[in-house]
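What follows is a single structure, written as C-alpha cells, with notes after it.
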Amino acid sequence: MDRGFEIGVHGLHHDQNPFQDDLIFKKQAIEINRTLKEWSAVGFRSPCMYHNLELLHHLNIEYDSSTFDTDPFEPQPDGMGTIFPFWVANENPQKGYVELPYTLPQDFLLFILMQEERIAIWKKKLDWIADQGGMVLLDTHPDYMSFDKKPNYEEYPVKYYEEFLQYIKSNYKGQYWHVLPRDMARFWTGHYGRKGEMVRDSLTEPKKKIWIDLDNSPHVPFFKPILDDLHKRGYDTLVTARDCFQVCGLADLIHLKYQKIGHHYGKNVLMKVAGLLIRALQLMPMIMKEKPDLAVSHGSRSQVLIASILNIPTVVIADYEFTQTVTKPTYVIVPEMIPDSDIKGYSESFFKYPGIKEDVYVPDFKPDPSIFEELGISESELIVTIRPPATEAHYHNPESELLFEATINFLGKQDNTRLVILPRNEKKQTAWVKNTWPEWCSSRKIIFPEHVVDGLNLIWHSDLVISGGGTMNREAAALGVPVYSIFRGKIGAVDRYLSDNGRLTLLETVEDVQSKILLNKRYRSDQLDHSDRTALGKIVDHIEKINGVM
C-alpha cells in the first residue's frame, strides 16, 4: 500500500457460489466486514465472479467488482452490458455502492484457456473503449504469469502484460486517468451516484488547481463566468494575462485577479515566434512554483507550449477551426456546429458545447446607458461600432483592409452617424485612422474611447456593428444587434452558421458595403434573457470531467 496499491477482499472461500443461499452469505458478510475493517479495505470481488448485487448491500463497501460488461465464459455469464461504472442503490437511495465491471477479457481466459499468443484482443477492446470514453478495467492474476522461466501449460509470459501497459502509455499519453478502484468509486459516487445527483465530496476528492491564461481581449469576459463557476465547485485557480490588446485593462475593469506576464511582439513572423518562446520562458517559474493540475485557455500558444514541456494536461477551447497551433493540446472543446471532420487528430479527446462562445458570458450582461455621456455622443445619433481587421494575425487577408476603408468612407458621408472605432493595436491603428481621415476625427465623426470600455455595453447601445474579427461579430449576434463582417479569411463554421440563420451579414466585396449595410435606428428592449446558461454549464462540466480522468 505504501507503493500506491490497494487491497480488497476476495471472499472467504474460492470454491463455491457464495450467493446460492441468502442466509449463508449474510453469515459470511459478518466475517467479510470484519476483514474489510481490519485491512482498511473498501472494495470487494467475489470468487469466480459470482454476483448478486442486492445481497452485496450487506457489505460495508464503497465498490464491488464482481461483474463484467460481457464474458460468456464465466460460471455466471450474465454481463452488465456497460463499459461504465454504475451506482447500485439500496432501499435508501442515498446509500449504496459503485459497481465496477471489468471490461477487458481476463488473462486466464485469453492465454490459458484460449492459448492466445498475442495481446491483439486486449488492444482492440481497449481502443474501442477509449473511443467511447469508457472505463478500462482489467483483471489479471500474478499466479498465472511467468516472470523468470519458460511458462508451463498454466502460465503465460509476463511480457504480454508489460507490452499492454506500454501500449497504453505510448498511445494514450495524457489522455487517461490511471486510478485505483477506490478512487474511481469515490469519483463516481460524487458525480453520478445517489440518484445521479452531482455531489462533490471534499474529503474523498481533493480539488485540483486549474491554470487559465488570458492571451487576447475576448478571453477576459469569456473566462470570467467560467472562473466563477469553477470557484463555486471548489476548484483553486491561477490566472495569467498577456499585456496586449487591452487584456489587462479589461481584466481590471471587471476586477479580475491575474498575474501579468509577457506582451505582444508585432506581426513579423520571426518576432512572433521569438515572442512565443520568450513568454513561455517567462511563465515557467510561476507555473513550476504553483504546480497547476490542468491548463485551460482559448488558444494560448505559450500556455500549451510550456504546459507540454512541464507535462501538464492542456485544454484548448476554440471556436475557429482554421487556427494554427504550435503544440497539440491534450483536449479541445468546440461549439457543436463545428463538424467532427474539422477537429483533426482529436478523435478521442474532444468535447462539444451547445451554442456559441459568446453565449457563455452574454447572459451576465447588464446595460448601462451612461456610456452615451461617457463617450460624449447622443442617443439620437445612428451609432456604429467598428472593429478594424486583425492585421497582425496569421489568418489576416489584406482584402479586409480594403473593406474597412470602404466602410469608413461610406459611413462617414452619412448624416447623423457617429463611428466608434475600437482599434486592436491602440497606437498603430489609431494613428493610421487619424492620418487617413483627419477631418472626421477632428470633428468627432470618428471617435476613439479614451479608456477601456465594456465592449458588450457599447455593442448593446449601438445601432449596428461592423467588425473584422469574430468575437465582436458574435457578441453582437448573441445580443441581437445587426452585425456585418468584413473578415476575409477562411469563414469558420460558427460564422457560417450565424450567416445562414440571418444573424450575421458577410461583406465580401466593396460593393457589398453600400448595398448590404442597412442604416436604421435600433429599438433596444429593456429586458434581456439571462436564463440560458447551457453553454457555460457544459463547458465547466467538460473541464471537470477532464480533471476527473487525469
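Residue numbering restarts at 1 for every chain of the C-alpha cells, chains are lettered A, B, ... in their displayed order, and ligands are numbered from 1 as they appear.
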Check your understanding: Can you list, as a count of residues only, every protein, DNA or RNA residue that comes within 8 Å of region 426-443 of chain A when you count only C-alpha atoms, leaving out same-chain residues fewer than 4 positions away?
Key -> 4
Point to revise | Test item, helix (DSSP H, G or I) assignment across region 124-294 of chain A, answer as a ChimeraX atom specification | key: /A:124-132,142-144,158-171,181-196,219-232,247-253,269-290
Practice item. Would you please work out which residue, of A:Val332, A:Ile486, A:Thr67, A:Leu294, is nearest to Arg387 (chain A) when using only C-alpha atoms? Key: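 Nearest candidate to Arg387 (chain A) out of A:Val332, A:Ile486, A:Thr67, A:Leu294: A:Ile486.
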Exercise for review: Considering only C-alpha atoms, state which residue in the set A:Ile539, A:Val220, A:Ser515, A:Ser146 is at the smallest distance from Val316 (chain A).
Suggested key: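 Looking at the shortest contact to Val316 (chain A), the residue is A:Ile539.
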Point to revise | Nearest to Phe86 (chain A) by atom-to-atom distance, counting only C-alpha atoms, from A:Pro47, A:Arg233, A:Ile168, A:Arg186 | key: A:Arg186
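Atom pair CA of Thr237 (chain A) / CA of Leu276 (chain A) has a distance of 22.9 Å (rounded to one decimal).
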Check your understanding: For Pro388 (chain A), which residue among A:Tyr331, A:Tyr156, A:Phe351, A:Phe487 is the nearest when counting only C-alpha atoms?
Key ->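 Answer, going by the shortest atom-to-atom distance: A:Phe487.
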Exercise for review: Fewer than 2 positions away in the same chain doesn't count, so skip those; otherwise give me all residues within 12 Å of Leu227 (chain A), counting only C-alpha atoms, as a ChimeraX atom specification.
Suggested key: /A:209-214,219-225,229-239,256-258,296-297,360-361,536-537,539-540,543
Please write the residues from the selection above to a file, keeping N, CA and C atoms, as an mmCIF file, in the first residue's frame.
```
data_model
loop_
_atom_site.group_PDB
_atom_site.id
_atom_site.type_symbol
_atom_site.label_atom_id
_atom_site.label_comp_id
_atom_site.auth_asym_id
_atom_site.auth_seq_id
_atom_site.Cartn_x
_atom_site.Cartn_y
_atom_site.Cartn_z
ATOM 1 N N LYS A 209 -5.966 22.294 -8.984
ATOM 2 C CA LYS A 209 -5.730 23.685 -9.369
ATOM 3 C C LYS A 209 -5.757 23.802 -10.886
ATOM 4 N N ILE A 210 -6.521 24.766 -11.383
ATOM 5 C CA ILE A 210 -6.672 24.978 -12.821
ATOM 6 C C ILE A 210 -6.034 26.311 -13.199
ATOM 7 N N TRP A 211 -5.170 26.268 -14.191
ATOM 8 C CA TRP A 211 -4.480 27.457 -14.675
ATOM 9 C C TRP A 211 -5.155 27.963 -15.946
ATOM 10 N N ILE A 212 -5.590 29.216 -15.920
ATOM 11 C CA ILE A 212 -6.213 29.837 -17.087
ATOM 12 C C ILE A 212 -5.349 30.995 -17.552
ATOM 13 N N ASP A 213 -5.020 31.003 -18.844
ATOM 14 C CA ASP A 213 -4.190 32.061 -19.416
ATOM 15 C C ASP A 213 -5.028 32.929 -20.348
ATOM 16 N N LEU A 214 -5.024 34.239 -20.088
ATOM 17 C CA LEU A 214 -5.762 35.209 -20.905
ATOM 18 C C LEU A 214 -4.787 35.779 -21.932
ATOM 19 N N HIS A 219 -10.842 36.872 -24.350
ATOM 20 C CA HIS A 219 -10.749 35.819 -23.336
ATOM 21 C C HIS A 219 -11.166 36.315 -21.954
ATOM 22 N N VAL A 220 -11.089 37.609 -21.730
ATOM 23 C CA VAL A 220 -11.389 38.142 -20.396
ATOM 24 C C VAL A 220 -12.864 37.953 -20.032
ATOM 25 N N PRO A 221 -13.818 38.474 -20.820
ATOM 26 C CA PRO A 221 -15.224 38.246 -20.444
ATOM 27 C C PRO A 221 -15.627 36.785 -20.558
ATOM 28 N N PHE A 222 -14.987 36.050 -21.477
ATOM 29 C CA PHE A 222 -15.330 34.640 -21.662
ATOM 30 C C PHE A 222 -15.009 33.818 -20.419
ATOM 31 N N PHE A 223 -13.818 34.017 -19.850
ATOM 32 C CA PHE A 223 -13.402 33.171 -18.729
ATOM 33 C C PHE A 223 -13.929 33.647 -17.380
ATOM 34 N N LYS A 224 -14.430 34.888 -17.306
ATOM 35 C CA LYS A 224 -14.944 35.375 -16.016
ATOM 36 C C LYS A 224 -16.029 34.458 -15.438
ATOM 37 N N PRO A 225 -17.107 34.135 -16.160
ATOM 38 C CA PRO A 225 -18.115 33.230 -15.577
ATOM 39 C C PRO A 225 -17.610 31.808 -15.401
ATOM 40 N N ASP A 229 -17.752 29.844 -11.876
ATOM 41 C CA ASP A 229 -18.370 28.526 -11.726
ATOM 42 C C ASP A 229 -17.374 27.525 -11.143
ATOM 43 N N LEU A 230 -16.130 27.585 -11.591
ATOM 44 C CA LEU A 230 -15.116 26.684 -11.036
ATOM 45 C C LEU A 230 -14.919 26.937 -9.547
ATOM 46 N N HIS A 231 -14.932 28.201 -9.147
ATOM 47 C CA HIS A 231 -14.782 28.530 -7.724
ATOM 48 C C HIS A 231 -15.961 27.992 -6.917
ATOM 49 N N LYS A 232 -17.173 28.087 -7.491
ATOM 50 C CA LYS A 232 -18.349 27.565 -6.798
ATOM 51 C C LYS A 232 -18.244 26.054 -6.597
ATOM 52 N N ARG A 233 -17.576 25.382 -7.532
ATOM 53 C CA ARG A 233 -17.427 23.933 -7.438
ATOM 54 C C ARG A 233 -16.211 23.531 -6.608
ATOM 55 N N GLY A 234 -15.528 24.524 -6.055
ATOM 56 C CA GLY A 234 -14.461 24.234 -5.112
ATOM 57 C C GLY A 234 -13.066 24.170 -5.679
ATOM 58 N N TYR A 235 -12.867 24.574 -6.919
ATOM 59 C CA TYR A 235 -11.541 24.497 -7.522
ATOM 60 C C TYR A 235 -10.702 25.736 -7.195
ATOM 61 N N ASP A 236 -9.401 25.522 -7.066
ATOM 62 C CA ASP A 236 -8.446 26.623 -6.995
ATOM 63 C C ASP A 236 -8.068 27.004 -8.415
ATOM 64 N N THR A 237 -7.802 28.289 -8.654
ATOM 65 C CA THR A 237 -7.439 28.722 -9.996
ATOM 66 C C THR A 237 -6.228 29.642 -9.944
ATOM 67 N N LEU A 238 -5.506 29.654 -11.031
ATOM 68 C CA LEU A 238 -4.395 30.564 -11.261
ATOM 69 C C LEU A 238 -4.658 31.243 -12.595
ATOM 70 N N VAL A 239 -4.606 32.579 -12.627
ATOM 71 C CA VAL A 239 -4.894 33.323 -13.859
ATOM 72 C C VAL A 239 -3.665 34.138 -14.238
ATOM 73 N N LEU A 256 -10.838 41.380 -12.108
ATOM 74 C CA LEU A 256 -10.354 40.009 -12.198
ATOM 75 C C LEU A 256 -8.901 39.961 -11.731
ATOM 76 N N LYS A 257 -8.617 39.071 -10.801
ATOM 77 C CA LYS A 257 -7.250 38.941 -10.290
ATOM 78 C C LYS A 257 -6.416 38.117 -11.267
ATOM 79 N N TYR A 258 -5.209 38.614 -11.583
ATOM 80 C CA TYR A 258 -4.364 37.928 -12.548
ATOM 81 C C TYR A 258 -2.908 38.308 -12.315
ATOM 82 N N VAL A 296 -5.869 25.591 -19.009
ATOM 83 C CA VAL A 296 -7.026 25.860 -19.875
ATOM 84 C C VAL A 296 -6.863 27.235 -20.509
ATOM 85 N N SER A 297 -7.148 27.333 -21.797
ATOM 86 C CA SER A 297 -7.088 28.626 -22.478
ATOM 87 C C SER A 297 -8.011 28.593 -23.685
ATOM 88 N N VAL A 360 -21.652 32.065 -23.355
ATOM 89 C CA VAL A 360 -21.136 31.792 -22.022
ATOM 90 C C VAL A 360 -21.272 33.016 -21.120
ATOM 91 N N TYR A 361 -20.994 34.212 -21.672
ATOM 92 C CA TYR A 361 -20.942 35.397 -20.811
ATOM 93 C C TYR A 361 -21.985 36.466 -21.117
ATOM 94 N N LEU A 536 -22.285 27.632 -20.728
ATOM 95 C CA LEU A 536 -21.383 27.748 -19.580
ATOM 96 C C LEU A 536 -21.331 26.442 -18.796
ATOM 97 N N GLY A 537 -22.499 25.915 -18.449
ATOM 98 C CA GLY A 537 -22.540 24.688 -17.663
ATOM 99 C C GLY A 537 -21.869 23.522 -18.360
ATOM 100 N N ILE A 539 -19.457 23.601 -20.691
ATOM 101 C CA ILE A 539 -18.002 23.766 -20.756
ATOM 102 C C ILE A 539 -17.360 23.428 -19.407
ATOM 103 N N VAL A 540 -17.932 23.928 -18.325
ATOM 104 C CA VAL A 540 -17.361 23.649 -17.000
ATOM 105 C C VAL A 540 -17.507 22.161 -16.671
ATOM 106 N N ILE A 543 -14.650 20.489 -18.413
ATOM 107 C CA ILE A 543 -13.388 20.712 -17.700
ATOM 108 C C ILE A 543 -13.321 19.809 -16.469
#
```
Review point. Could you work out how far CA of Lys516 (chain A) lies from CA of Leu464 (chain A), giving the answer in Å with one decimal?
Key: 12.3 Å
Give me the residues near Asp69 (chain A) as a PDB file with C-alpha atoms, in the first residue's frame, where near means some atom within 8 Å (using only C-alpha atoms) and where sequence neighbours in that chain fewer than 4 positions away do not count.
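Just written: result_36.pdb:
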```pdb
ATOM      1  CA  GLY A  79     -22.936  -9.466 -18.154  1.00  0.00           C
ATOM      2  CA  MET A  80     -23.909  -5.936 -17.183  1.00  0.00           C
ATOM      3  CA  GLY A  81     -23.772  -4.672 -20.782  1.00  0.00           C
ATOM      4  CA  THR A  82     -21.883  -1.482 -19.914  1.00  0.00           C
ATOM      5  CA  ILE A  83     -18.300  -0.215 -20.005  1.00  0.00           C
ATOM      6  CA  PRO A 101     -17.447  -4.165 -14.068  1.00  0.00           C
ATOM      7  CA  TYR A 102     -14.265  -5.400 -15.683  1.00  0.00           C
ATOM      8  CA  THR A 103     -14.248  -4.516 -19.356  1.00  0.00           C
TER       9      THR A 103
END
```
Practice item. Would you list, as number ranges by chain, the residues of region 226-367 of chain A that end up in strand (DSSP E) under DSSP run on this structure's backbone? Key: A: 236-243, 259-263, 294-297, 314-317, 331-335, 350-353
Residues of the last selection are to be written out with C-alpha atoms, as a PDB file, in the first residue's frame.
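Listing of again.pdb after writing:
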```pdb
ATOM      1  CA  ASP A 236      -8.446  26.623  -6.995  1.00  0.00           C
ATOM      2  CA  THR A 237      -7.439  28.722  -9.996  1.00  0.00           C
ATOM      3  CA  LEU A 238      -4.395  30.564 -11.261  1.00  0.00           C
ATOM      4  CA  VAL A 239      -4.894  33.323 -13.859  1.00  0.00           C
ATOM      5  CA  THR A 240      -2.135  34.779 -16.025  1.00  0.00           C
ATOM      6  CA  ALA A 241      -2.584  37.524 -18.641  1.00  0.00           C
ATOM      7  CA  ARG A 242      -0.596  38.791 -21.601  1.00  0.00           C
ATOM      8  CA  ASP A 243      -0.240  42.584 -21.677  1.00  0.00           C
ATOM      9  CA  GLN A 259      -0.598  37.841 -12.934  1.00  0.00           C
ATOM     10  CA  LYS A 260       0.656  39.953 -15.860  1.00  0.00           C
ATOM     11  CA  ILE A 261       3.273  38.042 -17.826  1.00  0.00           C
ATOM     12  CA  GLY A 262       4.609  38.898 -21.294  1.00  0.00           C
ATOM     13  CA  HIS A 263       3.423  41.159 -24.090  1.00  0.00           C
ATOM     14  CA  LEU A 294      -4.674  21.421 -15.684  1.00  0.00           C
ATOM     15  CA  ALA A 295      -4.023  24.285 -18.119  1.00  0.00           C
ATOM     16  CA  VAL A 296      -7.026  25.860 -19.875  1.00  0.00           C
ATOM     17  CA  SER A 297      -7.088  28.626 -22.478  1.00  0.00           C
ATOM     18  CA  THR A 314      -3.945  21.158 -21.607  1.00  0.00           C
ATOM     19  CA  VAL A 315      -7.449  22.107 -22.686  1.00  0.00           C
ATOM     20  CA  VAL A 316      -7.937  24.492 -25.591  1.00  0.00           C
ATOM     21  CA  ILE A 317     -11.425  25.894 -26.072  1.00  0.00           C
ATOM     22  CA  TYR A 331      -8.040  18.123 -25.190  1.00  0.00           C
ATOM     23  CA  VAL A 332     -10.145  20.541 -27.216  1.00  0.00           C
ATOM     24  CA  ILE A 333     -13.651  21.886 -26.569  1.00  0.00           C
ATOM     25  CA  VAL A 334     -15.540  23.371 -29.523  1.00  0.00           C
ATOM     26  CA  PRO A 335     -19.088  24.511 -30.426  1.00  0.00           C
ATOM     27  CA  PHE A 350     -12.529  16.494 -27.997  1.00  0.00           C
ATOM     28  CA  PHE A 351     -15.749  17.720 -26.433  1.00  0.00           C
ATOM     29  CA  LYS A 352     -18.551  19.950 -27.699  1.00  0.00           C
ATOM     30  CA  TYR A 353     -20.873  22.543 -26.206  1.00  0.00           C
TER      31      TYR A 353
END
```
Check your understanding: Residues at most 10 Å from Gly469 (chain A), counting only C-alpha atoms, excluding those fewer than 3 positions away in the same chain, as a PyMOL selection string?
Key -> chain A and resi 387-390+396+400+466+472-474+485-489
Exercise for review: Considering only C-alpha atoms, return as number ranges by chain whatever protein or nucleic-acid residues lie within 10 Å of region 374-385 of chain A, sequence-local ones (same chain, fewer than 4 positions apart) excluded.
Suggested key: A: 369-370, 411, 414-422, 444-451, 453, 455, 458-467, 472, 483, 519-522
